[in-house]
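One file, protein-v1.txt, is given below (compact mmCIF, C-alpha atoms).
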```
# COMPACT_ATOMS: atom_id res chain seq x y z
CA ASP A 1 128.25 -170.09 -79.41
CA ILE A 2 130.88 -171.30 -81.94
CA ASP A 3 133.74 -173.65 -81.06
CA PRO A 4 136.82 -172.34 -82.98
CA ASP A 5 138.48 -175.77 -83.06
CA ASP A 6 135.85 -177.93 -84.74
CA GLY A 7 133.46 -175.27 -86.07
CA ARG A 8 130.61 -176.63 -83.93
CA TRP A 9 127.73 -174.22 -83.40
CA THR A 10 125.62 -174.42 -80.23
CA LEU A 11 122.24 -172.74 -79.94
CA ALA A 12 120.20 -172.37 -76.73
CA SER A 13 116.47 -171.72 -77.01
CA PHE A 14 113.29 -172.08 -74.98
CA GLU A 15 112.79 -175.49 -76.60
CA GLY A 16 116.19 -176.91 -75.66
CA LEU A 17 119.83 -177.04 -76.74
CA PHE A 18 120.66 -177.51 -80.44
CA TRP A 19 123.97 -178.01 -82.29
CA ARG A 20 125.37 -178.29 -85.80
CA THR A 21 128.74 -178.23 -87.56
CA THR A 22 129.81 -176.08 -90.48
CA ASP A 23 129.37 -179.13 -92.75
CA ASP A 24 125.77 -179.71 -91.67
CA ASP A 25 122.71 -178.06 -93.16
CA TRP A 26 120.45 -178.83 -90.21
CA TRP A 27 120.28 -178.39 -86.43
CA GLN A 28 120.10 -181.39 -84.09
CA GLN A 29 118.61 -181.25 -80.62
CA GLY A 30 120.85 -182.31 -77.77
CA GLU A 31 119.67 -185.13 -75.51
CA LEU A 32 119.19 -183.14 -72.31
CA ASP A 33 116.87 -183.76 -69.40
CA VAL A 34 115.89 -180.11 -69.08
CA LEU A 35 112.63 -178.40 -68.21
CA PRO A 36 111.00 -175.68 -70.29
CA ARG A 37 109.78 -172.27 -69.37
CA THR A 38 106.38 -172.71 -67.72
CA ARG A 39 104.33 -169.56 -68.08
CA SER A 40 100.84 -170.21 -66.74
CA VAL A 41 99.14 -171.94 -63.81
CA ALA A 42 95.44 -171.78 -62.92
CA TRP A 43 93.17 -173.67 -60.53
CA ILE A 44 89.81 -175.09 -61.60
CA GLU A 45 87.53 -175.12 -58.54
CA ASP A 46 83.96 -176.32 -58.18
CA ASP A 47 81.52 -175.26 -55.46
CA GLN A 48 83.12 -177.73 -53.01
CA GLY A 49 86.61 -176.41 -53.64
CA GLU A 50 87.63 -179.51 -55.57
CA GLY A 51 89.30 -179.40 -58.97
CA ASP A 52 92.41 -179.69 -61.09
CA LEU A 53 95.35 -177.51 -62.00
CA LEU A 54 96.02 -176.14 -65.49
CA VAL A 55 99.66 -175.76 -66.53
CA GLY A 56 100.82 -173.99 -69.70
CA SER A 57 104.44 -174.47 -70.85
CA TYR A 58 106.40 -172.83 -73.64
CA GLY A 59 106.52 -175.51 -76.33
CA GLY A 60 104.51 -177.95 -74.23
CA GLY A 61 100.92 -176.84 -74.62
CA VAL A 62 98.40 -176.91 -71.76
CA ALA A 63 97.98 -179.86 -69.40
CA ARG A 64 95.30 -180.57 -66.82
CA GLY A 65 95.63 -182.82 -63.79
CA GLU A 66 95.69 -183.25 -60.05
CA ALA A 67 98.30 -180.98 -58.48
CA GLY A 68 101.10 -183.16 -57.16
CA GLY A 69 99.57 -186.26 -58.76
CA THR A 70 100.40 -188.36 -61.82
CA ASP A 71 97.10 -188.28 -63.71
CA TRP A 72 97.76 -185.53 -66.25
CA ARG A 73 96.52 -185.08 -69.81
CA GLU A 74 97.02 -182.60 -72.60
CA VAL A 75 94.02 -180.38 -73.28
CA SER A 76 95.40 -178.11 -76.01
CA ALA A 77 95.93 -180.47 -78.93
CA GLY A 78 93.27 -178.71 -81.00
CA ILE A 79 94.88 -175.29 -80.71
CA GLY A 80 97.73 -175.93 -83.14
CA TRP A 81 100.12 -173.50 -81.44
CA SER A 82 101.73 -174.87 -78.28
CA TRP A 83 103.27 -171.75 -76.73
CA PRO A 84 100.58 -170.67 -74.24
CA ARG A 85 101.00 -167.43 -72.32
CA GLN A 86 97.85 -167.84 -70.24
CA ALA A 87 95.30 -170.62 -69.67
CA LEU A 88 92.09 -169.32 -68.12
CA PRO A 89 89.20 -171.52 -66.95
CA ALA A 90 86.01 -169.51 -67.38
CA ASP A 91 83.78 -171.83 -65.32
CA SER A 92 84.10 -173.97 -62.20
CA ALA A 93 84.10 -177.26 -64.13
CA GLY A 94 86.81 -176.28 -66.58
CA ASP A 95 84.50 -177.01 -69.52
CA SER A 96 84.93 -173.45 -70.81
CA LEU A 97 88.60 -172.67 -71.36
CA MET A 98 90.53 -169.80 -72.96
CA VAL A 99 94.17 -170.01 -73.97
CA VAL A 100 96.22 -166.99 -75.06
CA THR A 101 99.42 -167.84 -76.92
CA GLY A 102 100.69 -164.29 -77.40
CA SER A 103 99.50 -164.48 -81.00
CA VAL A 104 96.10 -166.22 -80.90
CA LEU A 105 93.20 -166.46 -78.46
CA ALA A 106 91.75 -169.99 -78.57
CA LEU A 107 88.36 -170.90 -77.08
CA SER A 108 86.71 -174.17 -76.09
CA HIS A 109 83.24 -174.44 -74.55
CA ASP A 110 82.86 -178.24 -74.66
CA ALA A 111 85.48 -179.53 -72.21
CA VAL A 112 88.26 -179.11 -74.83
CA GLU A 113 86.68 -181.52 -77.30
CA THR A 114 86.92 -178.79 -79.94
CA TRP A 115 88.78 -175.49 -80.21
CA ALA A 116 88.21 -172.34 -82.24
CA ALA A 117 90.36 -169.26 -82.74
CA ALA A 118 88.60 -166.13 -81.53
CA THR A 119 87.72 -163.79 -84.40
CA VAL A 120 89.21 -160.76 -82.68
CA GLY A 121 90.31 -159.01 -85.88
CA MET A 122 93.82 -158.30 -84.61
CA GLY A 123 97.24 -159.21 -85.91
CA GLU A 124 98.13 -160.59 -82.48
CA ALA A 125 95.94 -161.44 -79.49
CA GLY A 126 97.52 -161.53 -76.05
CA ASP A 127 99.22 -161.72 -73.66
CA HIS A 128 96.23 -161.86 -71.29
CA VAL A 129 92.46 -162.31 -71.37
CA THR A 130 90.02 -161.50 -68.57
CA VAL A 131 86.38 -162.43 -68.05
CA SER A 132 83.58 -160.65 -66.25
CA PRO A 133 82.93 -161.79 -62.67
CA ASP A 134 79.45 -162.69 -64.02
CA TRP A 135 80.80 -164.52 -67.08
CA SER A 136 78.40 -167.46 -66.70
CA VAL A 137 75.49 -165.02 -66.99
CA ASP A 138 76.66 -162.21 -69.30
CA GLY A 139 79.40 -163.96 -71.38
CA ARG A 140 81.62 -160.87 -71.34
CA ALA A 141 85.40 -160.94 -71.78
CA VAL A 142 88.23 -158.63 -72.88
CA VAL A 143 91.57 -159.50 -74.49
CA GLY A 144 94.44 -157.20 -75.39
CA GLY A 145 96.35 -157.33 -78.64
CA ARG A 146 97.81 -155.46 -81.56
CA THR A 147 96.13 -154.48 -84.81
CA THR A 148 97.54 -155.37 -88.22
CA ASP A 149 98.97 -151.84 -88.45
CA ASP A 150 100.82 -152.27 -85.11
CA LEU A 151 98.55 -150.30 -82.78
CA GLY A 152 97.78 -151.43 -79.25
CA ALA A 153 94.17 -152.61 -79.06
CA ALA A 154 91.56 -154.44 -77.02
CA ALA A 155 88.71 -156.68 -78.14
CA TRP A 156 85.51 -157.34 -76.19
CA THR A 157 82.72 -159.89 -76.40
CA ASN A 158 79.33 -160.16 -74.71
CA ASP A 159 78.30 -163.51 -76.20
CA SER A 160 80.89 -165.90 -74.72
CA GLY A 161 83.35 -165.30 -77.51
CA ALA A 162 81.09 -165.94 -80.51
CA THR A 163 81.74 -162.41 -81.80
CA TRP A 164 84.30 -159.76 -80.89
CA THR A 165 84.64 -156.01 -81.40
CA THR A 166 88.14 -154.52 -81.57
CA LEU A 167 89.14 -150.98 -80.64
CA ALA A 168 92.55 -149.30 -80.94
CA LEU A 169 93.52 -147.85 -77.55
CA GLY A 170 95.10 -144.65 -78.85
CA ASP A 171 96.96 -142.12 -76.70
CA GLY A 172 100.34 -143.46 -77.76
CA CYS A 173 99.84 -147.19 -77.23
CA THR A 174 101.70 -148.84 -80.09
CA SER A 175 102.58 -152.18 -78.49
CA LYS A 176 100.67 -155.25 -77.41
CA PRO A 177 99.05 -154.93 -73.95
CA ARG A 178 100.71 -157.06 -71.29
CA ALA A 179 97.99 -157.27 -68.66
CA VAL A 180 94.21 -156.87 -68.45
CA HIS A 181 92.04 -157.19 -65.34
CA TRP A 182 88.28 -157.14 -64.66
CA PRO A 183 87.82 -156.56 -60.89
CA ASP A 184 84.05 -156.05 -60.72
CA GLY A 185 80.98 -154.50 -62.38
CA ASP A 186 81.72 -152.92 -65.74
CA GLN A 187 85.20 -151.62 -64.90
CA VAL A 188 88.21 -153.11 -66.74
CA TRP A 189 91.87 -152.09 -66.51
CA LEU A 190 94.47 -152.71 -69.21
CA ALA A 191 98.24 -152.06 -69.29
CA CYS A 192 99.80 -151.14 -72.63
CA GLY A 193 103.03 -152.98 -73.48
CA THR A 194 106.29 -151.53 -72.21
CA SER A 195 105.09 -147.91 -72.04
CA GLY A 196 103.56 -148.01 -68.55
CA ARG A 197 100.26 -146.63 -69.83
CA LEU A 198 97.21 -147.83 -67.91
CA TYR A 199 93.83 -147.68 -69.65
CA ARG A 200 90.38 -147.75 -68.09
CA SER A 201 87.01 -148.91 -69.36
CA ASP A 202 83.76 -148.34 -67.48
CA ASP A 203 81.56 -150.24 -69.93
CA GLY A 204 83.06 -153.71 -70.14
CA GLY A 205 85.71 -152.86 -72.73
CA GLN A 206 83.45 -151.09 -75.23
CA SER A 207 85.38 -147.81 -74.83
CA TRP A 208 88.74 -146.88 -73.32
CA SER A 209 90.50 -143.85 -71.89
CA LEU A 210 94.06 -143.31 -70.68
CA ALA A 211 93.93 -143.39 -66.87
CA LEU A 212 97.58 -142.76 -66.00
CA THR A 213 101.17 -143.31 -67.13
CA LEU A 214 103.29 -145.09 -64.56
CA GLY A 215 106.63 -144.69 -66.33
CA GLN A 216 107.47 -148.38 -65.84
CA GLU A 217 106.24 -151.47 -67.64
CA ILE A 218 103.20 -152.99 -65.90
CA HIS A 219 103.33 -156.80 -65.98
CA VAL A 220 100.28 -157.84 -63.96
CA LEU A 221 97.05 -156.45 -62.44
CA ILE A 222 95.12 -158.10 -59.59
CA GLY A 223 92.66 -157.38 -56.79
CA GLU A 224 89.48 -155.39 -56.32
CA ASP A 225 89.85 -152.77 -53.59
CA PRO A 226 92.54 -151.83 -54.17
CA VAL A 227 93.74 -153.00 -57.57
CA LEU A 228 97.47 -153.81 -57.38
CA MET A 229 99.92 -153.39 -60.25
CA GLY A 230 103.18 -155.34 -60.58
CA SER A 231 105.76 -153.34 -62.51
CA ASP A 232 109.47 -153.00 -63.25
CA ASP A 233 109.60 -150.73 -60.20
CA GLY A 234 107.74 -152.64 -57.53
CA VAL A 235 104.05 -153.01 -56.66
CA TRP A 236 101.73 -150.02 -56.93
CA ARG A 237 98.24 -149.45 -55.55
CA LEU A 238 95.54 -147.93 -57.72
CA VAL A 239 93.74 -145.06 -55.98
CA ILE A 240 90.54 -143.44 -57.28
CA ASP A 241 89.97 -139.95 -55.84
CA ASP A 242 86.67 -138.16 -55.17
CA ALA A 243 86.68 -136.79 -58.73
CA ASP A 244 86.90 -140.36 -60.09
CA VAL A 245 90.48 -139.82 -61.30
CA ALA A 246 92.98 -142.68 -61.04
CA HIS A 247 96.34 -142.30 -59.33
CA ALA A 248 99.17 -144.74 -58.59
CA ALA A 249 100.58 -144.96 -55.05
CA ARG A 250 103.60 -147.01 -54.03
CA PHE A 251 102.67 -150.17 -52.14
CA ALA A 252 105.68 -152.51 -51.78
CA LEU A 253 108.98 -153.81 -53.23
CA ASP A 254 110.24 -150.44 -54.50
CA GLY A 255 112.93 -150.87 -57.16
CA GLU A 256 112.17 -154.57 -57.72
CA ALA A 257 110.87 -156.03 -60.99
CA VAL A 258 107.58 -157.76 -60.14
CA PHE A 259 106.37 -160.12 -62.87
CA SER A 260 103.53 -161.95 -61.12
CA LEU A 261 100.97 -161.30 -58.38
CA ALA A 262 98.16 -163.29 -56.79
CA MET A 263 95.77 -162.72 -53.88
CA ASP A 264 95.78 -165.09 -50.91
CA PRO A 265 92.54 -166.03 -49.06
CA SER A 266 94.02 -164.37 -45.96
CA GLY A 267 94.03 -160.97 -47.67
CA ASP A 268 97.78 -160.99 -48.29
CA ALA A 269 99.26 -160.93 -51.79
CA TRP A 270 102.00 -163.09 -53.31
CA ALA A 271 104.60 -161.50 -55.58
CA GLY A 272 107.10 -163.08 -57.96
CA VAL A 273 110.23 -160.92 -58.19
CA GLY A 274 112.83 -161.22 -60.95
CA GLY A 275 116.02 -162.77 -59.60
CA ARG A 276 114.81 -162.80 -55.96
CA GLY A 277 112.09 -165.41 -55.79
CA MET A 278 108.78 -164.88 -54.01
CA ALA A 279 107.55 -162.50 -51.34
CA ARG A 280 104.38 -162.32 -49.29
CA LEU A 281 102.84 -158.86 -48.99
CA SER A 282 100.56 -157.86 -46.12
CA PRO A 283 97.52 -155.58 -46.72
CA THR A 284 99.70 -152.68 -45.59
CA GLY A 285 102.57 -153.55 -47.94
CA ALA A 286 104.90 -155.20 -45.43
CA VAL A 287 107.22 -157.65 -47.22
CA GLY A 288 108.08 -161.16 -46.08
CA TRP A 289 110.61 -162.94 -48.31
CA ILE A 290 110.34 -166.71 -48.54
CA GLY A 291 113.61 -167.14 -50.46
CA TRP A 292 112.25 -169.46 -53.13
CA PRO A 293 112.98 -170.02 -55.95
CA ASP A 294 116.25 -168.16 -55.59
CA GLY A 295 117.35 -166.42 -58.76
CA ASP A 296 114.46 -167.68 -60.90
CA LEU A 297 111.73 -165.76 -62.66
CA VAL A 298 108.25 -166.55 -61.33
CA GLN A 299 106.02 -166.09 -64.37
CA ASP A 300 102.68 -166.88 -62.75
CA ILE A 301 101.15 -167.59 -59.34
CA ALA A 302 97.78 -169.22 -58.61
CA VAL A 303 96.32 -169.54 -55.11
CA HIS A 304 93.65 -172.14 -54.30
CA SER A 305 90.81 -171.19 -51.93
CA ASP A 306 92.39 -173.51 -49.35
CA GLY A 307 95.69 -171.61 -49.56
CA ARG A 308 97.69 -174.01 -51.75
CA LEU A 309 100.16 -172.24 -54.01
CA ALA A 310 100.91 -173.16 -57.63
CA VAL A 311 103.81 -171.40 -59.31
CA ALA A 312 105.11 -171.33 -62.89
CA ASN A 313 108.78 -170.64 -63.53
CA ARG A 314 111.62 -171.63 -65.85
CA THR A 315 111.98 -175.05 -64.23
CA GLY A 316 108.35 -176.13 -64.49
CA ALA A 317 105.22 -176.00 -62.31
CA TRP A 318 105.56 -176.19 -58.52
CA LEU A 319 103.18 -176.74 -55.61
CA SER A 320 103.32 -175.65 -51.96
CA GLU A 321 100.77 -176.81 -49.41
CA ASP A 322 102.29 -174.99 -46.42
CA GLY A 323 102.37 -171.32 -47.39
CA GLY A 324 105.62 -171.50 -49.30
CA GLU A 325 107.65 -173.29 -46.61
CA SER A 326 108.28 -176.31 -48.86
CA TRP A 327 107.80 -177.08 -52.54
CA ALA A 328 107.25 -180.11 -54.77
CA ARG A 329 106.63 -180.56 -58.46
CA ALA A 330 103.01 -179.94 -59.37
CA MET A 331 103.22 -182.32 -62.33
CA PRO A 332 105.50 -185.27 -63.03
CA TYR A 333 106.93 -184.15 -66.35
CA ASP A 334 108.00 -181.02 -68.09
CA ARG A 335 106.20 -181.15 -71.40
CA ILE A 336 103.50 -183.28 -72.97
CA ASP A 337 105.49 -184.56 -75.95
CA ASP A 338 108.96 -185.20 -74.49
CA ALA A 339 109.34 -188.47 -76.38
CA LEU A 340 108.88 -186.69 -79.68
CA GLN A 341 111.39 -183.87 -79.17
CA HIS A 342 113.88 -185.18 -81.74
CA TRP A 343 113.75 -182.64 -84.52
CA ARG A 344 116.07 -181.32 -87.18
CA TYR A 345 115.54 -177.76 -88.40
CA ASP A 346 116.57 -176.35 -91.77
CA GLY A 347 115.07 -172.92 -92.30
CA PHE A 348 111.62 -173.14 -93.84
CA GLU A 349 111.96 -176.91 -94.26
CA THR A 350 111.44 -179.16 -91.25
CA VAL A 351 112.68 -182.73 -91.33
CA ALA A 352 111.34 -185.05 -88.63
CA GLU A 353 112.38 -188.67 -88.18
CA ASP A 354 111.14 -191.14 -85.61
CA ALA A 355 110.92 -194.92 -85.63
CA ALA A 356 108.00 -195.06 -83.24
CA THR A 357 104.56 -196.10 -84.40
CA GLY A 358 101.68 -193.73 -83.99
CA LEU A 359 103.87 -190.64 -84.20
CA ARG A 360 101.94 -187.42 -83.79
CA MET A 361 103.63 -184.09 -84.31
CA HIS A 362 102.96 -180.42 -84.80
CA ALA A 363 104.60 -178.21 -87.39
CA GLY A 364 104.05 -174.71 -88.69
CA ASN A 365 104.15 -171.13 -87.53
CA ALA A 366 101.80 -168.50 -86.18
CA GLY A 367 100.11 -168.17 -89.53
CA ALA A 368 99.73 -171.79 -90.57
CA THR A 369 99.76 -174.94 -88.46
CA ALA A 370 99.01 -178.58 -89.03
CA TRP A 371 98.74 -181.83 -87.10
CA LEU A 372 100.17 -184.88 -88.86
CA SER A 373 100.00 -188.56 -87.97
CA ALA A 374 102.35 -191.28 -89.14
CA GLU A 375 102.98 -195.00 -88.70
CA GLY A 376 106.72 -195.52 -88.61
CA VAL A 377 107.50 -193.36 -91.66
CA GLN A 378 109.49 -190.23 -92.41
CA ILE A 379 107.64 -187.03 -93.19
CA ARG A 380 109.15 -184.04 -94.95
CA LEU A 381 107.36 -180.70 -94.77
CA ARG A 382 108.20 -178.05 -97.36
CA GLY A 383 107.18 -174.39 -97.47
```
Once more with this new file: its structure as structure tokens, please.
Amino acid sequence: DIDPDDGRWTLASFEGLFWRTTDDDWWQQGELDVLPRTRSVAWIEDDQGEGDLLVGSYGGGVARGEAGGTDWREVSAGIGWSWPRQALPADSAGDSLMVVTGSVLALSHDAVETWAAATVGMGEAGDHVTVSPDWSVDGRAVVGGRTTDDLGAAAWTNDSGATWTTLALGDGCTSKPRAVHWPDGDQVWLACGTSGRLYRSDDGGQSWSLALTLGQEIHVLIGEDPVLMGSDDGVWRLVIDDADVAHAARFALDGEAVFSLAMDPSGDAWAGVGGRGMARLSPTGAVGWIGWPDGDLVQDIAVHSDGRLAVANRTGAWLSEDGGESWARAMPYDRIDDALQHWRYDGFETVAEDAATGLRMHAGNAGATAWLSAEGVQIRLRG
């Protein structure tokens, strides 16, 4: 937006509100107490049902802590790209963790002491990764992505991410897959970008075939029997006929844009609907609206084995311990590095000033990132 009187430009982004005047050659961030877009929540549960919550925020990295508590810590500092799309714990202790940023798949197998970018051989990896139900034994996982020549693709591993094999999906998939789901055995399902194409693998991602075309973008896949698909036109149920051919049957929320789904221990499903909040779906598709959060986009839903709900939306991470009747913040702050969000941007040059000691900051782009430390000095990054 441009103010015609004083020539002041105002820019709104996922990272905050910025402004500049026509005489300035840099953007300054406004001092606003606003919350970022939170895109991922996931429970870490041990055999006793105890464990932490993982929260991934756009511009805020991934944090781990007790849901509703104050003991939170960043676990993604080694990734170098703090825009997570999904944080997936691959074991019950949370020692093995995968983070998809939409561009890179990062892996840690030592309780986030070290991170490594998965060698998937794609131009972009994301937006989702899925692991085999027997991951701890077979080390198998699949991630969607896009090749360097802009073809939709999937990469699979059977050695816990040490090596990956990438295959173009074909059959008209030219965009990055949005959702991938491994319900059981060797069967994996993957939704291609905005096209509504659903692909099937019966060998753990080593080969793919086009199963059906829904005609609407598929945002999320969950469940085992049946597999449910959240799309721009409601929730669909995947049906496999006697000839082993896949079909899509309407299930619930016809005409609604469903961006997130999660199974409840009761057998119900939770759905996040664009502009209408959350709904609870019975096994027969009956809809019960809970009216929260009104008008917001629920990006992710995670359900604990004891029924607690964690939700990611534009205002942060939220927790309900009573089936969605009431809500409280799952974590006490919006992003890990709030105190350091005083940046000035000037194209390819970034100027950062801060009088604090022990300043730690992140700069770069999807292709090159760096962590820098300083003791009360100014740092200028060029190029």
Could you state the separation of CA of Pro283 (chain A) and CA of Asp254 (chain A) in Å, given to one decimal place? 15.8 Å
List the spatial neighbours of Gly204 (chain A) as a VMD selection string - criterion: any atom at most 8 Å away, all atoms listed in the file, same-chain residues fewer than 2 positions off excluded. chain A and resid 132 140 to 142 156 186 to 188 201 to 202 206 to 207
Between CA of Ala312 (chain A) and CA of Leu214 (chain A), what distance in Å does the model show, to one decimal?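 Separation of CA of Ala312 (chain A) and CA of Leu214 (chain A): 26.4 Å.
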For region 102-105 of chain A, work out the shell of residues within 7 Å, counting all atoms listed in the file and skipping chain neighbours fewer than 5 positions away, then give it as an MDAnalysis selection string. chainID A and resid 85 117:118 124:127 366
Selection file, C-alpha atoms, as a JSON list (two decimals), keeping the file's coordinate frame:
```
[["chain", "number", "residue", "atom", "x", "y", "z"],
["A", 85, "ARG", "CA", 101.00, -167.43, -72.32],
["A", 117, "ALA", "CA", 90.36, -169.26, -82.74],
["A", 118, "ALA", "CA", 88.60, -166.13, -81.53],
["A", 124, "GLU", "CA", 98.13, -160.59, -82.48],
["A", 125, "ALA", "CA", 95.94, -161.44, -79.49],
["A", 126, "GLY", "CA", 97.52, -161.53, -76.05],
["A", 127, "ASP", "CA", 99.22, -161.72, -73.66],
["A", 366, "ALA", "CA", 101.80, -168.50, -86.18]]
```
From the list A:Ser175, A:Ser282, A:Thr163, A:Thr157, the nearest residue to Gly196 (chain A) using all atoms listed in the file is A:Ser175
Please list as a ChimeraX atom specification every residue within 10 Å of His128 (chain A), counting only C-alpha atoms and excluding residues in the same chain fewer than 4 positions away. /A:85-88,98-102,105,142-145,177-181,190,220
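Nearest-residue note for His304 (chain A): choosing from A:Ser76, A:Ser209, A:Gln48, A:Thr22, the minimum distance belongs to A:Gln48, counting only C-alpha atoms.
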For Gly139 (chain A), list every protein, DNA or RNA residue within 6 Å, evaluated using all atoms listed in the file, and leave out those in the same chain fewer than 5 positions away; present the list as JSON, numbers by chain. {"A": [158, 159, 160]}
Between CA of Tyr199 (chain A) and CA of Thr284 (chain A) - distance in Å to one decimal: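 Taking CA of Thr284 (chain A) and CA of Tyr199 (chain A), their separation equals 25.3 Å.
Residue nearest Ala77 (chain A), chosen from A:Gly65, A:Gly324, A:Pro183, A:Gly60 and counting all atoms listed in the file: A:Gly60.
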Could you check which of A:Pro89, A:Trp189, A:Val311, A:Ala243 is closest to Val227 (chain A), using only C-alpha atoms? A:Trp189
Within 8 Å of Arg37 (chain A) using all atoms listed in the file, minus same-chain residues under 4 positions, as a list in words: Phe14, Ser57, Tyr58, Asn313, Arg314, Thr315 and Gly316 of chain A
Nearest residue to Gly205 (chain A) out of A:Phe18, A:Trp164, A:Trp318, A:Trp289, using all atoms listed in the file?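 The shortest atom-to-atom distance to Gly205 (chain A) comes from A:Trp164.
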Considering only C-alpha atoms, can you say which of A:Arg250, A:Arg8, A:Ala191, A:Gly267 comes closest to Asp225 (chain A)? A:Gly267
